[in-house]
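Everything below concerns the one structure shown next.
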Amino acid sequence: MTTTSRVLEWVELGTGTGTDNDTALTTPANKAASASAPALNETTGIFVIKSGGADSSALVDGAVMYALTFASTDAANETYGARIWGWRKIGTTYWPHLLGELSMTAGALTGVASTTVSNSWFFPDAIVIDDDNTRGASIEVHTSGTDGTAHVTFDATGFQWVEVEASCETVAAFVRVFYSAL
């Protein structure tokens with residue numbers, strides 16, 4: 001595993017096809033503290049960035065700002081959502097903090113046939129911030145317009161882990177999550 005302070009390219013969180021769709025996103029009241037760090041579980045829409053700090057196995061050690069983008073199957077105009085959680089270790093317990101909630105709509109821009117992100121995956125062209133609880137720098141939406149690719153940036157200062165929980169609104173669709181450490 002390589003540690004770096006910056007990742008300029010988009011890196012996929014997970015290696016499968018993403019979330020098992022139409023799964024309700026966890027509400028803050030139901031997101032429980034844990035004795036262990038959050039873990040990747042693509043079938044329930046959980047994607048994790050080890051963001052540094054006390055955990056020596058960090059993928060991105062020392063990064064403060066992150067960018068996230070998504071891809072979904074089914075069709076253009078598919079709607080889906082995501083919640084971004086920061087996890088901070090206090091004593092021997094990891095505590096979740098909701099950093100923000102997003103609603104997205106897939107545009108017509110797709111990946112490329114016969115590549116990792118094939119032409120059956122649609123990128124979001126619209127992202128709306130439903131809830132922004134980020135400490136420090138707020139979540140910001142960056143878009144290139146209709147049928148372009150939208151992404152968000154946010155500050156993860158003080159959190160050892162960042163968890164992205166994502167879900168499409170239809171059972172037939174899947175979501176993938178990509179990050180860049182800025």
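Letters for chains follow the order of the structure tokens (A, B, ...), residue numbers begin at 1 for each chain, and ligand numbers begin at 1 in the order shown.
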So that each row is one residue of range 57-164 of chain A with an atom at most 12 Å from range 28-46 of chain A, can you give its shortest atom pair and the distance in Å to one decimal, using only C-alpha atoms, rows by chain and rising number, as CSV?
```
residue,atom,partner,partner_atom,distance
A:Ser57,CA,A:Ala37,CA,11.7
A:Ala58,CA,A:Ala37,CA,12.0
A:Tyr80,CA,A:Gly45,CA,11.4
A:Gly81,CA,A:Gly45,CA,10.4
A:Ala82,CA,A:Gly45,CA,9.0
A:Arg83,CA,A:Ile46,CA,9.7
A:Ile84,CA,A:Ile46,CA,10.0
A:Trp85,CA,A:Pro28,CA,9.4
A:Gly86,CA,A:Pro38,CA,9.9
A:Trp87,CA,A:Pro38,CA,7.8
A:Arg88,CA,A:Ala37,CA,9.1
A:Lys89,CA,A:Ala37,CA,8.4
A:Ile90,CA,A:Ala35,CA,10.0
A:Gly91,CA,A:Ala35,CA,9.6
A:Thr92,CA,A:Ala35,CA,6.3
A:Thr93,CA,A:Ala35,CA,4.7
A:Tyr94,CA,A:Ser34,CA,5.2
A:Trp95,CA,A:Ala33,CA,4.7
A:Pro96,CA,A:Ala33,CA,6.2
A:His97,CA,A:Pro28,CA,7.9
A:Leu98,CA,A:Pro28,CA,6.7
A:Leu99,CA,A:Pro28,CA,10.3
A:Gly100,CA,A:Pro28,CA,10.6
A:Glu101,CA,A:Pro28,CA,10.6
A:Asp131,CA,A:Pro28,CA,11.5
A:Asn133,CA,A:Pro28,CA,11.4
A:Phe159,CA,A:Ala37,CA,11.4
A:Gln160,CA,A:Ala37,CA,9.0
A:Trp161,CA,A:Pro38,CA,7.4
A:Val162,CA,A:Pro38,CA,8.5
A:Glu163,CA,A:Ile46,CA,6.7
A:Val164,CA,A:Ile46,CA,5.9
```
Output file for the residues above (C-alpha atoms, as a short mmCIF file (atom, residue, chain, number, x, y, z; two decimals), in the first residue's frame):
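Generated file (part23.cif):
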```cif
data_model
loop_
_atom_site.label_atom_id
_atom_site.label_comp_id
_atom_site.auth_asym_id
_atom_site.auth_seq_id
_atom_site.Cartn_x
_atom_site.Cartn_y
_atom_site.Cartn_z
CA SER A 57 -2.21 2.26 7.32
CA ALA A 58 -3.52 5.45 5.72
CA TYR A 80 -29.17 8.91 -6.22
CA GLY A 81 -27.89 10.20 -2.93
CA ALA A 82 -24.86 10.09 -0.67
CA ARG A 83 -23.94 10.91 2.89
CA ILE A 84 -20.35 11.77 3.80
CA TRP A 85 -19.28 10.77 7.31
CA GLY A 86 -16.08 11.71 9.13
CA TRP A 87 -14.86 9.24 11.76
CA ARG A 88 -12.77 10.44 14.70
CA LYS A 89 -11.24 8.13 17.30
CA ILE A 90 -11.83 9.19 20.90
CA GLY A 91 -10.12 6.82 23.32
CA THR A 92 -10.83 3.35 21.94
CA THR A 93 -14.05 4.27 20.13
CA TYR A 94 -14.61 5.62 16.60
CA TRP A 95 -17.33 8.28 16.47
CA PRO A 96 -19.20 9.21 13.25
CA HIS A 97 -19.90 12.84 12.33
CA LEU A 98 -22.14 13.69 9.39
CA LEU A 99 -20.14 16.01 7.14
CA GLY A 100 -22.78 16.38 4.47
CA GLU A 101 -25.61 14.91 2.44
CA ASP A 131 -27.14 19.15 4.37
CA ASN A 133 -22.22 20.03 8.36
CA PHE A 159 -10.93 12.82 10.87
CA GLN A 160 -8.94 9.59 10.54
CA TRP A 161 -11.50 8.03 8.20
CA VAL A 162 -14.00 9.34 5.68
CA GLU A 163 -16.95 7.12 4.83
CA VAL A 164 -19.16 7.73 1.82
#
```
I'd like to know which residues of range 16-182 of chain A are strand (DSSP E) (by DSSP, run on the backbone); could you write them as a PyMOL selection string? chain A and resi 46-50+65-72+79-90+93-110+122-132+140-142+151-155+161-168+175-181
Can you write just those residues out, C-alpha atoms, as a compact mmCIF listing (two decimals), in the first residue's frame?
```txt
# COMPACT_ATOMS: atom_id res chain seq x y z
CA ILE A 46 -20.35 1.94 2.16
CA PHE A 47 -17.08 3.28 0.72
CA VAL A 48 -14.14 4.30 2.95
CA ILE A 49 -11.09 6.59 2.65
CA LYS A 50 -8.38 6.06 5.25
CA MET A 65 -9.16 18.42 1.05
CA TYR A 66 -10.89 15.69 -0.90
CA ALA A 67 -12.89 15.68 -4.11
CA LEU A 68 -15.59 13.07 -4.74
CA THR A 69 -17.41 12.12 -7.89
CA PHE A 70 -19.74 9.27 -8.64
CA ALA A 71 -20.95 7.07 -11.49
CA SER A 72 -24.23 5.18 -11.74
CA THR A 79 -31.22 9.96 -9.20
CA TYR A 80 -29.17 8.91 -6.22
CA GLY A 81 -27.89 10.20 -2.93
CA ALA A 82 -24.86 10.09 -0.67
CA ARG A 83 -23.94 10.91 2.89
CA ILE A 84 -20.35 11.77 3.80
CA TRP A 85 -19.28 10.77 7.31
CA GLY A 86 -16.08 11.71 9.13
CA TRP A 87 -14.86 9.24 11.76
CA ARG A 88 -12.77 10.44 14.70
CA LYS A 89 -11.24 8.13 17.30
CA ILE A 90 -11.83 9.19 20.90
CA THR A 93 -14.05 4.27 20.13
CA TYR A 94 -14.61 5.62 16.60
CA TRP A 95 -17.33 8.28 16.47
CA PRO A 96 -19.20 9.21 13.25
CA HIS A 97 -19.90 12.84 12.33
CA LEU A 98 -22.14 13.69 9.39
CA LEU A 99 -20.14 16.01 7.14
CA GLY A 100 -22.78 16.38 4.47
CA GLU A 101 -25.61 14.91 2.44
CA LEU A 102 -25.91 15.06 -1.36
CA SER A 103 -28.58 14.45 -3.99
CA MET A 104 -27.40 13.76 -7.53
CA THR A 105 -28.72 13.28 -11.03
CA ALA A 106 -26.81 11.36 -13.69
CA GLY A 107 -26.13 13.21 -16.90
CA ALA A 108 -25.60 11.73 -20.36
CA LEU A 109 -21.77 11.65 -20.04
CA THR A 110 -20.54 8.06 -19.76
CA PHE A 122 -23.16 7.69 -16.15
CA PHE A 123 -21.47 10.58 -14.30
CA PRO A 124 -23.52 13.14 -12.36
CA ASP A 125 -24.07 16.48 -14.02
CA ALA A 126 -26.05 17.87 -11.09
CA ILE A 127 -25.23 17.63 -7.38
CA VAL A 128 -27.27 19.38 -4.71
CA ILE A 129 -26.09 19.76 -1.12
CA ASP A 130 -29.01 18.76 1.09
CA ASP A 131 -27.14 19.15 4.37
CA ASP A 132 -23.69 20.67 4.93
CA GLU A 140 -18.61 22.83 -2.47
CA VAL A 141 -20.14 21.64 -5.74
CA HIS A 142 -18.10 21.96 -8.94
CA HIS A 151 -17.95 16.67 -8.20
CA VAL A 152 -17.77 17.98 -4.65
CA THR A 153 -14.83 19.05 -2.51
CA PHE A 154 -14.73 19.07 1.28
CA ASP A 155 -12.38 19.43 4.23
CA TRP A 161 -11.50 8.03 8.20
CA VAL A 162 -14.00 9.34 5.68
CA GLU A 163 -16.95 7.12 4.83
CA VAL A 164 -19.16 7.73 1.82
CA GLU A 165 -22.54 6.02 1.89
CA ALA A 166 -24.30 6.00 -1.50
CA SER A 167 -27.52 4.64 -2.95
CA CYS A 168 -29.51 4.89 -6.18
CA VAL A 175 -23.25 3.44 -7.77
CA ARG A 176 -19.48 3.75 -7.80
CA VAL A 177 -17.53 6.35 -5.81
CA PHE A 178 -14.23 8.01 -6.83
CA TYR A 179 -11.99 10.35 -4.85
CA SER A 180 -9.01 12.60 -5.35
CA ALA A 181 -6.91 13.95 -2.47
```
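Interatomic distance, CA of Val64 in chain A to CA of Ala156 in chain A: 5.4 Å.
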Per DSSP on the backbone, filter range 27-169 of chain A down to the residues in helix (DSSP H, G or I) and report them as a PyMOL selection string. chain A and resi 28-30+42-44
Interatomic distance, CA of Val171 in chain A to CA of Thr116 in chain A (Å, one decimal): 22.4 Å
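Comparing A:Leu182, A:Thr73, A:Gly145, A:Thr170 by their smallest distance to Gly111 in chain A, the closest is A:Thr73 (using only C-alpha atoms).
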